[in-house]
Structure formats: C-alpha cells, structure tokens
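What follows is work_18.csv (CSV, C-alpha atoms).
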chain,number,residue,atom,x,y,z
A,14,MET,CA,106.3,152.1,51.9
A,15,HIS,CA,106.2,148.4,51.8
A,16,LEU,CA,109.6,148.0,53.5
A,17,SER,CA,108.8,150.1,56.6
A,18,ILE,CA,105.6,148.1,57.1
A,19,LEU,CA,107.6,144.9,57.2
A,20,THR,CA,110.3,146.2,59.4
A,21,SER,CA,108.0,148.0,61.8
A,22,ILE,CA,105.9,144.9,62.4
A,23,THR,CA,109.0,142.7,62.8
A,24,GLY,CA,110.6,145.2,65.2
A,25,VAL,CA,107.5,145.4,67.4
A,26,ALA,CA,107.1,141.6,67.4
A,27,VAL,CA,110.7,141.0,68.4
A,28,LEU,CA,110.5,143.6,71.2
A,29,ALA,CA,107.2,142.0,72.4
A,30,TYR,CA,108.8,138.6,72.4
A,31,ILE,CA,111.8,139.8,74.4
A,32,VAL,CA,109.5,141.4,77.0
A,33,GLU,CA,107.4,138.2,77.1
A,34,LEU,CA,110.5,136.0,77.7
A,35,LEU,CA,111.6,138.4,80.4
A,36,ARG,CA,108.1,138.4,82.0
A,37,ARG,CA,108.2,134.6,82.1
A,38,GLN,CA,111.7,134.6,83.6
A,39,GLN,CA,113.0,132.6,80.7
A,40,LEU,CA,115.8,135.0,80.1
A,41,ARG,CA,118.6,135.8,82.6
A,42,GLU,CA,119.0,139.5,83.4
A,43,LYS,CA,122.5,139.8,82.0
A,44,TYR,CA,121.2,138.7,78.5
A,45,ALA,CA,117.9,140.5,78.9
A,46,ALA,CA,119.5,143.9,79.3
A,47,ILE,CA,121.4,143.5,76.1
A,48,TRP,CA,118.4,142.3,74.1
A,49,LEU,CA,116.1,144.9,75.6
A,50,THR,CA,118.5,147.7,74.6
A,51,ILE,CA,118.9,146.3,71.1
A,52,GLY,CA,115.1,145.8,70.8
A,53,LEU,CA,114.4,149.4,71.9
A,54,ALA,CA,116.9,150.8,69.5
A,55,ILE,CA,115.7,148.8,66.6
A,56,ALA,CA,111.9,149.1,66.9
A,57,PRO,CA,111.6,152.9,66.1
A,58,LEU,CA,114.0,152.3,63.2
A,59,GLY,CA,111.5,149.9,61.8
A,60,PHE,CA,108.9,152.6,61.5
A,61,PHE,CA,111.3,155.2,60.1
A,62,PRO,CA,114.2,153.6,58.3
A,63,SER,CA,115.1,157.0,56.8
A,64,LEU,CA,116.1,158.2,60.3
A,65,LEU,CA,119.4,156.6,59.7
A,66,ASP,CA,120.1,158.1,56.2
A,67,SER,CA,122.0,161.1,57.4
A,68,THR,CA,124.2,159.0,59.7
A,69,ALA,CA,124.7,156.5,56.9
A,70,ARG,CA,125.8,159.2,54.5
A,71,ARG,CA,128.3,160.6,57.0
A,72,LEU,CA,129.8,157.0,57.4
A,73,GLY,CA,129.9,156.6,53.6
A,74,VAL,CA,127.1,154.1,53.4
A,75,ALA,CA,124.7,154.6,50.6
A,76,SER,CA,121.5,154.3,52.6
A,77,GLY,CA,120.3,153.8,56.2
A,78,VAL,CA,118.9,150.4,55.3
A,79,SER,CA,122.3,149.2,54.3
A,80,LEU,CA,123.8,150.5,57.5
A,81,VAL,CA,121.2,148.6,59.5
A,82,LEU,CA,121.9,145.5,57.6
A,83,PHE,CA,125.6,145.9,58.2
A,84,ALA,CA,125.2,146.7,61.9
A,85,GLY,CA,122.8,143.9,62.3
A,86,PHE,CA,125.2,141.4,60.8
A,87,VAL,CA,128.0,142.5,63.0
A,88,LEU,CA,125.7,142.3,66.0
A,89,VAL,CA,124.6,138.7,65.1
A,90,LEU,CA,128.3,137.8,64.7
A,91,LEU,CA,129.2,139.2,68.1
A,92,VAL,CA,126.2,137.5,69.7
A,93,SER,CA,127.1,134.1,68.3
A,94,LEU,CA,130.7,134.5,69.4
A,95,HIS,CA,129.5,135.4,72.9
A,96,LEU,CA,127.3,132.2,72.9
A,97,SER,CA,130.3,130.1,71.9
A,98,TRP,CA,132.3,131.6,74.7
A,99,GLU,CA,129.4,130.8,77.2
A,100,VAL,CA,129.1,127.3,75.9
A,101,SER,CA,132.9,126.7,76.3
A,102,ARG,CA,132.7,128.0,79.9
A,103,LEU,CA,129.6,125.9,80.7
A,104,GLU,CA,131.2,122.8,79.2
A,105,SER,CA,134.3,123.2,81.3
A,106,GLU,CA,132.1,123.6,84.4
A,107,THR,CA,130.1,120.5,83.5
A,108,ARG,CA,133.3,118.6,83.0
A,109,THR,CA,134.6,119.6,86.4
A,110,LEU,CA,131.3,118.6,87.9
A,111,ALA,CA,131.4,115.2,86.2
A,112,GLU,CA,134.9,114.6,87.5
A,113,ASP,CA,133.8,115.6,91.0
A,114,VAL,CA,130.9,113.2,90.8
A,115,ALA,CA,133.2,110.4,89.7
A,116,LEU,CA,135.7,111.1,92.4
A,117,ILE,CA,133.1,111.2,95.1
A,118,ARG,CA,131.5,108.0,93.8
A,119,ALA,CA,134.9,106.3,93.7
A,120,HIS,CA,135.6,107.5,97.3
A,121,LEU,CA,132.2,106.1,98.5
A,122,ALA,CA,132.7,102.8,96.7
A,123,GLU,CA,136.1,102.4,98.3
A,124,HIS,CA,134.5,102.9,101.7
A,125,GLY,CA,131.7,100.5,101.0
A,126,ALA,CA,129.0,103.2,101.1
A,127,LEU,CA,127.9,102.9,97.5
A,128,PRO,CA,126.0,100.1,95.9
A,129,ALA,CA,128.2,98.1,93.6
A,130,ARG,CA,126.3,99.3,90.6
A,131,PRO,CA,124.9,102.8,90.2
A,132,GLU,CA,121.1,102.5,89.8
A,133,HIS,CA,120.7,104.2,86.4
A,134,THR,CA,122.6,101.4,84.6
A,135,GLY,CA,120.2,98.8,85.8
A,136,PRO,CA,119.7,96.6,88.9
A,137,SER,CA,122.6,94.5,90.0
A,138,GLU,CA,120.6,91.3,90.0
A,139,HIS,CA,120.3,91.5,86.2
A,140,THR,CA,123.9,92.0,85.2
A,141,ALA,CA,123.6,89.4,82.6
A,142,LEU,CA,121.2,91.6,80.7
A,143,PRO,CA,123.3,94.4,79.1
A,144,GLU,CA,121.6,97.7,79.7
A,145,HIS,CA,122.3,100.3,77.0
A,146,THR,CA,119.7,102.9,78.0
A,147,ALA,CA,121.9,104.9,80.4
A,148,GLY,CA,121.0,108.5,80.2
A,149,THR,CA,117.7,108.0,78.5
A,150,ALA,CA,114.4,108.3,80.4
A,151,ARG,CA,113.0,104.9,81.3
A,152,THR,CA,109.3,104.2,81.5
A,153,PRO,CA,108.0,102.8,84.8
A,154,GLU,CA,107.1,99.5,83.1
A,155,ALA,CA,110.7,98.9,82.1
A,156,THR,CA,111.8,98.8,85.8
A,157,PRO,CA,111.0,95.5,87.5
B,29,MET,CA,162.5,98.5,91.8
B,30,ASN,CA,159.7,100.3,93.7
B,31,ASP,CA,161.9,102.1,96.3
B,32,GLY,CA,158.9,103.1,98.4
B,33,ARG,CA,157.2,105.2,95.8
B,34,ARG,CA,153.4,104.8,95.6
B,35,VAL,CA,152.6,104.1,92.0
B,36,LEU,CA,149.2,104.4,90.3
B,37,ILE,CA,148.4,103.1,86.9
B,38,ILE,CA,145.6,105.0,85.3
B,39,LEU,CA,143.7,103.2,82.5
B,40,PRO,CA,141.2,105.4,80.7
B,41,ALA,CA,138.5,103.0,79.4
B,42,TRP,CA,135.6,103.5,77.2
B,43,ASN,CA,133.6,100.3,76.5
B,44,GLU,CA,136.6,98.1,77.2
B,45,ALA,CA,134.8,95.4,79.2
B,46,ASP,CA,136.0,92.6,76.9
B,47,GLY,CA,139.7,93.3,77.1
B,48,LEU,CA,140.0,94.9,80.5
B,49,PRO,CA,140.3,91.8,82.8
B,50,ALA,CA,143.3,90.5,80.8
B,51,VAL,CA,145.0,93.9,80.9
B,52,LEU,CA,144.4,94.3,84.6
B,53,GLY,CA,145.4,90.7,85.3
B,54,GLU,CA,148.7,91.1,83.4
B,55,ILE,CA,149.5,94.3,85.4
B,56,LYS,CA,148.7,92.6,88.7
B,57,ARG,CA,150.9,89.6,87.8
B,58,GLN,CA,153.9,91.6,86.6
B,59,LEU,CA,153.7,94.6,89.0
B,60,PRO,CA,152.1,93.5,92.3
B,61,TYR,CA,153.3,96.7,94.1
B,62,VAL,CA,151.2,99.1,92.0
B,63,ASP,CA,147.6,100.3,92.3
B,64,THR,CA,145.4,100.6,89.3
B,65,LEU,CA,142.6,103.1,88.6
B,66,VAL,CA,140.2,102.4,85.7
B,67,VAL,CA,138.5,105.6,84.6
B,68,ASP,CA,135.3,104.5,83.1
B,69,ASP,CA,134.6,107.3,80.6
B,70,GLY,CA,130.8,107.0,80.4
B,71,SER,CA,130.8,103.4,79.1
B,72,THR,CA,127.6,101.8,78.1
B,73,ASP,CA,128.9,98.3,78.7
B,74,ARG,CA,130.0,96.6,82.0
B,75,THR,CA,133.5,98.3,82.0
B,76,SER,CA,133.3,99.6,85.6
B,77,GLU,CA,131.9,96.3,87.1
B,78,VAL,CA,134.5,94.2,85.2
B,79,ALA,CA,137.3,96.5,86.5
B,80,ALA,CA,136.0,96.4,90.1
B,81,ALA,CA,135.7,92.6,89.9
B,82,ALA,CA,139.3,92.5,88.8
B,83,GLY,CA,140.3,94.3,92.0
B,84,SER,CA,140.9,97.7,90.5
B,85,ALA,CA,139.8,101.1,91.8
B,86,VAL,CA,137.2,102.6,89.5
B,87,ALA,CA,136.2,106.1,88.9
B,88,ARG,CA,133.1,106.3,86.7
B,89,LEU,CA,132.3,109.4,84.8
B,90,PRO,CA,128.5,110.1,84.3
B,91,PHE,CA,129.0,110.7,80.6
B,92,ASN,CA,131.8,110.5,78.0
B,93,LEU,CA,134.4,113.2,78.3
B,94,GLY,CA,137.1,111.8,76.0
B,95,VAL,CA,140.6,110.7,76.8
B,96,GLY,CA,141.7,114.1,78.0
B,97,GLY,CA,138.8,114.4,80.5
B,98,ALA,CA,139.3,110.9,81.7
B,99,MET,CA,143.0,111.5,82.3
B,100,ARG,CA,142.5,114.7,84.2
B,101,LEU,CA,140.1,112.8,86.5
B,102,GLY,CA,142.9,110.1,86.8
B,103,TYR,CA,145.4,112.7,87.8
B,104,ARG,CA,143.0,114.3,90.3
B,105,TYR,CA,142.5,110.9,91.8
B,106,ALA,CA,146.2,110.4,92.0
B,107,GLN,CA,146.7,113.8,93.6
B,108,GLN,CA,143.9,113.3,96.2
B,109,HIS,CA,145.3,109.9,97.2
B,110,GLY,CA,148.8,111.1,97.4
B,111,TYR,CA,150.5,109.0,94.8
B,112,ASP,CA,154.1,109.7,93.9
B,113,VAL,CA,154.0,108.4,90.4
B,114,ALA,CA,151.1,108.1,87.9
B,115,ILE,CA,151.4,106.0,84.8
B,116,GLN,CA,149.0,106.2,81.9
B,117,VAL,CA,148.2,103.0,80.1
B,118,ASP,CA,145.7,102.3,77.4
B,119,ALA,CA,143.0,99.9,78.4
B,120,ASP,CA,143.0,98.1,75.1
B,121,GLY,CA,146.2,96.1,75.8
B,122,GLN,CA,148.4,98.0,73.3
B,123,HIS,CA,150.8,99.0,76.1
B,124,ASP,CA,152.9,96.2,77.5
B,125,PRO,CA,153.2,96.4,81.3
B,126,PHE,CA,156.6,94.8,80.9
B,127,TYR,CA,158.0,98.3,80.1
B,128,ILE,CA,156.5,100.1,83.1
B,129,PRO,CA,159.7,99.5,85.2
B,130,VAL,CA,161.7,101.1,82.3
B,131,LEU,CA,159.5,104.2,82.5
B,132,LEU,CA,159.8,104.2,86.3
B,133,GLU,CA,163.5,104.1,86.1
B,134,ARG,CA,163.7,106.9,83.6
B,135,LEU,CA,161.5,109.0,85.8
B,136,GLY,CA,164.5,109.6,88.0
B,137,GLU,CA,165.9,112.2,85.5
B,138,ALA,CA,162.6,113.6,84.2
B,139,ASP,CA,159.2,114.8,85.3
B,140,LEU,CA,157.4,113.1,82.4
B,141,VAL,CA,158.5,110.0,80.5
B,142,ILE,CA,156.9,109.0,77.3
B,143,GLY,CA,156.9,105.3,76.2
B,144,ALA,CA,157.8,105.7,72.5
B,145,ARG,CA,157.6,103.2,69.8
B,146,PHE,CA,161.0,102.4,68.3
B,147,ASP,CA,161.5,103.6,64.8
B,148,GLY,CA,161.1,100.6,62.5
B,149,GLU,CA,160.5,98.1,65.3
B,150,GLY,CA,157.3,96.2,65.4
B,151,ASP,CA,154.6,96.1,62.7
B,152,TYR,CA,153.5,99.6,63.4
B,153,ARG,CA,154.0,101.6,60.2
B,154,VAL,CA,152.5,104.8,58.9
B,155,ARG,CA,152.6,106.4,55.5
B,156,GLY,CA,151.5,109.6,53.7
B,157,PRO,CA,150.0,112.6,55.5
B,158,ARG,CA,149.7,110.7,58.8
B,159,ARG,CA,153.4,110.1,58.7
B,160,TRP,CA,154.1,113.8,57.9
B,161,ALA,CA,151.9,114.8,60.8
B,162,MET,CA,153.9,112.6,63.1
B,163,ARG,CA,157.2,113.9,61.7
B,164,LEU,CA,156.0,117.4,62.1
B,165,LEU,CA,154.9,116.8,65.7
B,166,SER,CA,158.1,115.0,66.6
B,167,LEU,CA,160.2,117.8,65.1
B,168,VAL,CA,158.4,120.7,66.8
B,169,LEU,CA,158.0,119.0,70.1
B,170,SER,CA,161.6,117.9,70.2
B,171,ARG,CA,162.6,121.5,69.8
B,172,ILE,CA,160.2,122.7,72.5
B,173,THR,CA,161.1,120.0,75.0
B,174,ARG,CA,164.9,120.1,74.1
B,175,THR,CA,165.1,116.4,73.8
B,176,ARG,CA,164.7,113.8,71.0
B,177,LEU,CA,161.1,112.7,70.8
B,178,THR,CA,159.9,110.2,68.1
B,179,ASP,CA,156.4,109.3,69.2
B,180,THR,CA,154.7,112.3,70.6
B,181,THR,CA,151.1,110.9,70.3
B,182,SER,CA,151.9,107.9,72.5
B,183,GLY,CA,149.5,107.6,75.4
B,184,PHE,CA,151.9,105.4,77.4
B,185,ARG,CA,153.6,107.8,79.9
B,186,ALA,CA,154.7,108.2,83.4
B,187,CYS,CA,154.7,111.3,85.6
B,188,ASN,CA,156.2,112.3,89.0
B,189,ARG,CA,154.5,114.0,91.9
B,190,PRO,CA,154.8,117.7,90.7
B,191,MET,CA,153.6,116.6,87.3
B,192,ILE,CA,150.5,115.0,88.9
B,193,GLU,CA,149.8,118.2,90.7
B,194,PHE,CA,150.2,120.1,87.5
B,195,PHE,CA,148.0,117.8,85.4
B,196,ALA,CA,145.3,117.6,88.1
B,197,ARG,CA,144.8,121.3,87.6
B,198,TRP,CA,145.5,121.6,83.9
B,199,TYR,CA,145.0,118.9,81.4
B,200,PRO,CA,143.9,119.6,77.8
B,201,VAL,CA,140.7,117.9,76.9
B,202,GLU,CA,140.3,118.5,73.2
B,203,TYR,CA,141.4,116.3,70.3
B,204,LEU,CA,145.1,115.5,70.4
B,205,GLY,CA,145.3,117.7,73.5
B,206,ASP,CA,145.9,114.8,75.9
B,207,THR,CA,149.1,113.9,74.1
B,208,VAL,CA,150.4,116.9,72.1
B,209,GLU,CA,149.2,119.9,74.0
B,210,SER,CA,149.9,118.4,77.4
B,211,LEU,CA,153.5,117.9,76.4
B,212,VAL,CA,153.8,121.5,75.1
B,213,GLY,CA,152.2,122.8,78.4
B,214,ALA,CA,154.5,120.8,80.6
B,215,ALA,CA,157.6,121.9,78.6
B,216,ARG,CA,156.5,125.5,78.6
B,217,CYS,CA,156.2,125.5,82.4
B,218,GLY,CA,159.8,124.1,82.7
B,219,PHE,CA,159.1,120.4,83.3
B,220,THR,CA,161.6,117.9,81.9
B,221,VAL,CA,160.3,115.5,79.3
B,222,ARG,CA,162.2,112.3,78.2
B,223,GLN,CA,161.3,109.3,76.2
B,224,ALA,CA,161.9,105.6,76.8
B,225,PRO,CA,161.8,103.2,73.9
B,226,VAL,CA,159.1,100.6,74.2
B,227,ALA,CA,157.6,98.1,71.7
B,228,MET,CA,153.9,98.3,71.4
B,229,ARG,CA,151.5,95.5,70.6
B,230,ALA,CA,148.8,95.4,68.0
B,231,ARG,CA,145.6,96.6,69.4
B,232,THR,CA,143.2,93.9,70.3
B,233,THR,CA,140.0,95.9,69.6
B,234,GLY,CA,139.3,98.6,67.0
B,235,ARG,CA,141.2,99.5,63.9
B,236,PRO,CA,143.3,102.6,63.1
B,237,SER,CA,141.8,104.9,60.5
B,238,ALA,CA,143.7,104.5,57.2
B,239,SER,CA,142.0,106.7,54.6
B,240,PRO,CA,144.2,109.4,53.0
B,241,VAL,CA,141.4,112.0,53.6
B,242,LYS,CA,141.3,111.2,57.3
B,243,ALA,CA,145.1,111.3,57.4
B,244,MET,CA,145.1,114.8,55.8
B,245,VAL,CA,142.5,116.0,58.3
B,246,TYR,CA,144.7,114.6,61.0
B,247,LEU,CA,147.7,116.6,59.7
B,248,VAL,CA,145.7,119.8,59.6
B,249,ARG,CA,144.3,119.2,63.0
B,250,ALA,CA,147.7,118.3,64.5
B,251,GLY,CA,149.1,121.6,63.1
B,252,LEU,CA,146.2,123.6,64.6
B,253,VAL,CA,146.5,121.9,68.0
B,254,LEU,CA,150.3,122.6,67.9
B,255,LEU,CA,149.8,126.2,67.0
B,256,LEU,CA,147.1,126.8,69.6
B,257,ALA,CA,149.2,125.1,72.3
B,258,MET,CA,152.1,127.5,71.4
B,259,ILE,CA,150.1,130.7,71.6
B,260,ARG,CA,147.8,129.8,74.5
B,261,ARG,CA,148.4,131.6,77.8
B,262,MET,CA,149.1,129.1,80.6
B,263,PRO,CA,147.1,129.8,83.8
B,264,PRO,CA,149.5,131.7,86.1
B,265,HIS,CA,148.7,129.6,89.2
B,266,LEU,CA,150.4,126.6,87.6
B,267,LYS,CA,153.8,128.1,88.4
B,268,ASP,CA,153.3,127.0,92.0
B,269,PHE,CA,154.1,123.4,90.9
B,270,ALA,CA,156.6,124.0,88.2
B,271,PRO,CA,160.3,123.3,88.5
B,272,GLY,CA,162.0,126.0,90.6
B,273,SER,CA,159.0,126.5,92.9
B,274,PRO,CA,159.4,125.7,96.6
B,275,TYR,CA,156.8,123.0,96.2
B,276,TYR,CA,158.7,121.3,93.4
B,277,LEU,CA,161.9,121.2,95.5
B,278,SER,CA,160.1,119.7,98.5
B,279,ALA,CA,158.2,117.1,96.4
B,280,THR,CA,161.2,115.8,94.5
B,281,THR,CA,163.7,115.7,97.3
B,282,GLY,CA,162.0,115.4,100.7
B,283,PRO,CA,158.7,113.7,101.7
B,284,ALA,CA,155.7,114.9,99.8
B,285,ALA,CA,154.1,118.0,101.1
B,286,SER,CA,151.0,119.7,100.0
B,287,PRO,CA,151.4,123.1,98.3
B,288,ALA,CA,149.6,124.8,101.2
B,289,GLU,CA,152.4,123.8,103.6
B,290,VAL,CA,155.2,125.4,101.7

I need this file expressed as structure tokens, please.
Amino acid sequence: MHLSILTSITGVAVLAYIVELLRRQQLREKYAAIWLTIGLAIAPLGFFPSLLDSTARRLGVASGVSLVLFAGFVLVLLVSLHLSWEVSRLESETRTLAEDVALIRAHLAEHGALPARPEHTGPSEHTALPEHTAGTARTPEATP
Amino acid sequence: MNDGRRVLIILPAWNEADGLPAVLGEIKRQLPYVDTLVVDDGSTDRTSEVAAAAGSAVARLPFNLGVGGAMRLGYRYAQQHGYDVAIQVDADGQHDPFYIPVLLERLGEADLVIGARFDGEGDYRVRGPRRWAMRLLSLVLSRITRTRLTDTTSGFRACNRPMIEFFARWYPVEYLGDTVESLVGAARCGFTVRQAPVAMRARTTGRPSASPVKAMVYLVRAGLVLLLAMIRRMPPHLKDFAPGSPYYLSATTGPAASPAEV
C-alpha cells in the first residue's frame, strides 16, 4: 500500500495549500472554485485509488491509477491552455493601457502641462548622463 | 500637392536618438506642410528628447511594444487629432521622404499605399529561403488584395482617413503582423491596396540578419502569420469603417465626420 500513502498525503497537502491560498486571498474566486472542486475530487481518490477501478474498466482503461494519470494530464493541459488565454488577454489590456498612457502624456506635453522629461528616466538637468535604468528600482542614494 | 489634407508622418522609433534628428530634419525641409509624430517605443536612450527638440510631436510608450504596438498608437494619435492621411516611415532613414508625395498622389485611388522597392533596383538583394518567403508573401498577398504587390514587408506606407480609423481599432502587434497581417486584414475588409515604386536607402544603423537558419525560420514564421491572418475572424465592429459603410462614404467624399454622427 505504498502508493496510496504517497497519493493520500499529496492529495491532502494540495487541498490544504489551495485552502490556505484562498484564506490569504491570494487566489481569485473564479480560479479558486475550479481548484477547490478539483482538490475535493482528488483527495479521497488519494486514499482509495481502487475506487476508480470499476469506472476505469468500463472505459477500457487497465486500472484506476492509469485513468487518474490520463485525466490529470488532460486537466493540466487544459489549465495551461487557459492560462495562455488569460495571459494573451492581459497582454492586450496592458498594451491598450500603455498606449493610453502615451497618448495622455503626448496630449499633456503638447499643452505644456508635462515636464519635458518624465521623471523616471532621470532629472532634466543631467541629460548629458545617459540613464539606462528605466524600469528598475532605484536606490534613494542614486537620486540627487 | 497638399490640397488641404492634414498629413501626419508616424515614425516608430526604438533607440534611434542618433539618426532621428537627420531624418526629421530631412522631412521638415522637403515637406514643410506635414506634421510628424515620433512614437518612442520604450527607448532607453534619448529618443523622445531628441525628437521633441527637433520639433516633432512625441508619444512615449512606457515599455517596448514592438513596431505593431507603436504603429497602433500612431494611428490612434492620428485618429484623435483628426488627420486625413497617415504615413508610416522608419526612423532609421531607410525611407526617403522624397517619395512621400508619390505615395500621397497614389492615395487618391487607394486606401492603403505601400512604398515598394523596385525589383532589381538599388543594392537591396535577398537570396535563399528569405527570398522564397518574400516571393510567397508577394504571391499570396497579391491574390488577396487583387493587385500586384512586390514588397509586402515594406514599412513605408500611407493610409487615408477610413484606414486610420480602422487601424486605430485593429492593428496586429505580433511578428510580421504590422506588415503582412495588417495588409490581409485591410484587404479582407474591402479596403483597396496599391503599391508605389520607391527606392530605399541602405540602413544607417543595424544590419539585416543573413544566416540561412534565420532565413528558414523567417520563411516558416511568414507562412504561419499568413495562415493565421487568413483564418482569423475579424472583429465585426470594423465593418463600420470599411468601404461601403456610411462612414466610409462621408470620409472619402465630404468633410470628415466621426462615426457617431453618421
């Protein structure tokens, strides 16, 4: 029964981790619901992998463990596909935001309401010194 | 020459502080009636200051978005400021402003005019897979746009008002999207594409990639971009600006009106 010890411990640990992430509000509800459902379905199977054997046999899979492996693989595939989709959406949103920022900045500059040089690229008095640290955090000492 | 049209030249620039003043100066000298917009695509050098000092409008992106992203910003700027014509010119001096009036003239019979390198003219020559890729692109895109196109990856192009409205809302941002996919999208929505022959100069900065492996990768990617562009669904709201729409008629014949008014 070595296998069921390993799977049960893993199942409970994963479930606990999901709950903990939820408790700390690190996980948005829309994802939390999916993960919680998956966790609750998987955890008991960790204790009794043989529960699935009859279902597996009906589907033509040799054993329940194989079925879990297959289902788990499909699940992981779907999840990563979903994440790619989310990242694509987020990227296009960020892109639009960046464009809006640039348009607003250009508008302000045209109407003289913006300093000639945005502050994060360095102070305008020191234009002779090229500043290549845009985007990275600067230490207070680096700012004159 | 200008016939009262407001013309904006969009120069997407990424770390082009060295060459930009000369390019802007040349445009100012040759075409005093046009406005310029330098889209600083998240440069780490003094691109935006140099451009502003040269008297150009500047839109500065907070981080690098690539040519496609920079161009969509340019078209959004042109749209917001009510320009009738937008012309895309590289900031590295490859595109000779001498040919801009040629593009402007050709725009009378098309929505989008591409400045295409003459076959055989100039020292621009490609061989191997890169050449096949360009052949393939020209062949397929000529079919799609129902006109002869020889230089589909040229970034030297001019658009009219409806095309600006279109590109302000839809501009491909991925690799080769800014040239190839934008053409396919425009053609699929019924816009007229034409090309005008231009001679291009050697680039003043940077070197074209020449390794056969890179060229092969280029061919594969070009094919993929083309395929995706063909099967992608165009957002339905773009029809509001396409040829045949009330907006298109009012923008190309009468004074420019906003889509909300028609």

Env of Gly183 (chain B): 7 Å cut, atoms = all atoms listed in the file, seq-sep filter 2 positions within chain, self excluded. Answer as an mmCIF file with C-alpha atoms, keeping the file's coordinate frame.
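Result file is part06.cif:
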data_model
loop_
_atom_site.group_PDB
_atom_site.id
_atom_site.type_symbol
_atom_site.label_atom_id
_atom_site.label_comp_id
_atom_site.auth_asym_id
_atom_site.auth_seq_id
_atom_site.Cartn_x
_atom_site.Cartn_y
_atom_site.Cartn_z
ATOM 1 C CA GLN B 116 149.000 106.200 81.900
ATOM 2 C CA VAL B 117 148.200 103.000 80.100
ATOM 3 C CA ASP B 118 145.700 102.300 77.400
ATOM 4 C CA THR B 181 151.100 110.900 70.300
ATOM 5 C CA ARG B 185 153.600 107.800 79.900
ATOM 6 C CA THR B 207 149.100 113.900 74.100
#

Quiz item: Near Leu116 (chain A), counting all atoms listed in the file, which residues have an atom at most 10 Å away, once you skip same-chain residues fewer than 4 positions from it, shown as a ChimeraX atom specification?
Solution: /A:110-112,120-122 /B:67,86-89,101-102,104-105,108

Quiz prompt | Interatomic distance, CA of Phe184 (chain B) to CA of Arg197 (chain B) (Å, one decimal) | solution =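 Separation of CA of Phe184 (chain B) and CA of Arg197 (chain B): 20.2 Å.
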
Quiz prompt | CA of Ala279 (chain B) to CA of Met99 (chain B), distance in Å rounded to a single decimal | solution =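 These two atoms are separated by 21.5 Å.
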
Practice problem: Within 12 Å of (162.5, 103.0, 87.2) (coordinates as in the file), grab all the protein and nucleic acid residues, counting all atoms listed in the file, and write them out as a VMD selection string. | Solution: chain B and resid 29 to 33 35 113 115 126 to 138 141 186 to 188 224

Self-check item: Counting all atoms listed in the file, the residue of B:Ala50, B:Ala196, B:Leu140, B:Leu177 that sits nearest chain A
Solution: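 Residue with the minimum atom-to-atom distance to chain A: B:Ala196.
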
Exercise. With a distance threshold of 12 Å and counting only C-alpha atoms, extract the residues of chain B near chain A and express them as an MDAnalysis selection string.
Key: chainID B and resid 43 45 65:81 83:94 96:109 196:202

Quiz item: If you measure from CA of Leu277 (chain B) to CA of Arg216 (chain B), what distance in Å do you get, rounded to one decimal?
Solution: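 Going from CA of Leu277 (chain B) over to CA of Arg216 (chain B) covers 18.3 Å.
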
Practice problem: For Val168 (chain B), work out the shell of residues within 12 Å, counting all atoms listed in the file and skipping chain neighbours fewer than 2 positions away, then give it as number ranges by chain. | Solution: B: 161-166, 170-180, 208-209, 211-212, 215, 250-251, 254-255, 257-258

Practice problem: Just the residues within 8 Å of region 42-49 of chain A, please, counting all atoms listed in the file, with nothing from its chain fewer than 2 positions along; format it as number ranges by chain. | Solution: A: 28, 31-32, 35, 40, 51-53

Please report, as a tab-separated table, each residue of region 34-63 of chain A lying at most 12 Å from region 69-87 of chain A, together with the nearest pair of atoms and the separation in Å rounded to one decimal; use only C-alpha atoms, and order rows by chain and ascending residue number.
residue	atom	partner	partner_atom	distance
A:Ile51	CA	A:Gly85	CA	9.9
A:Gly52	CA	A:Gly85	CA	11.6
A:Ala54	CA	A:Val81	CA	11.1
A:Ile55	CA	A:Val81	CA	9.0
A:Ala56	CA	A:Val81	CA	11.9
A:Leu58	CA	A:Val81	CA	8.9
A:Gly59	CA	A:Val78	CA	9.9
A:Phe60	CA	A:Val78	CA	12.0
A:Phe61	CA	A:Gly77	CA	9.9
A:Pro62	CA	A:Val78	CA	6.4
A:Ser63	CA	A:Gly77	CA	6.1

Self-check item: Non-local contacts of Pro57 (chain A) (10 Å; only C-alpha atoms; under 5 positions in same chain excluded) as a PyMOL selection string
Solution: chain A and resi 20-21+24-25+52+62+64

Self-check item: Given all atoms listed in the file as the counted atoms, nearest of B:Gly47, B:Pro40, B:Pro125, B:Pro157 to Lys242 (chain B)
Solution: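 Residue with the minimum atom-to-atom distance to Lys242 (chain B): B:Pro157.
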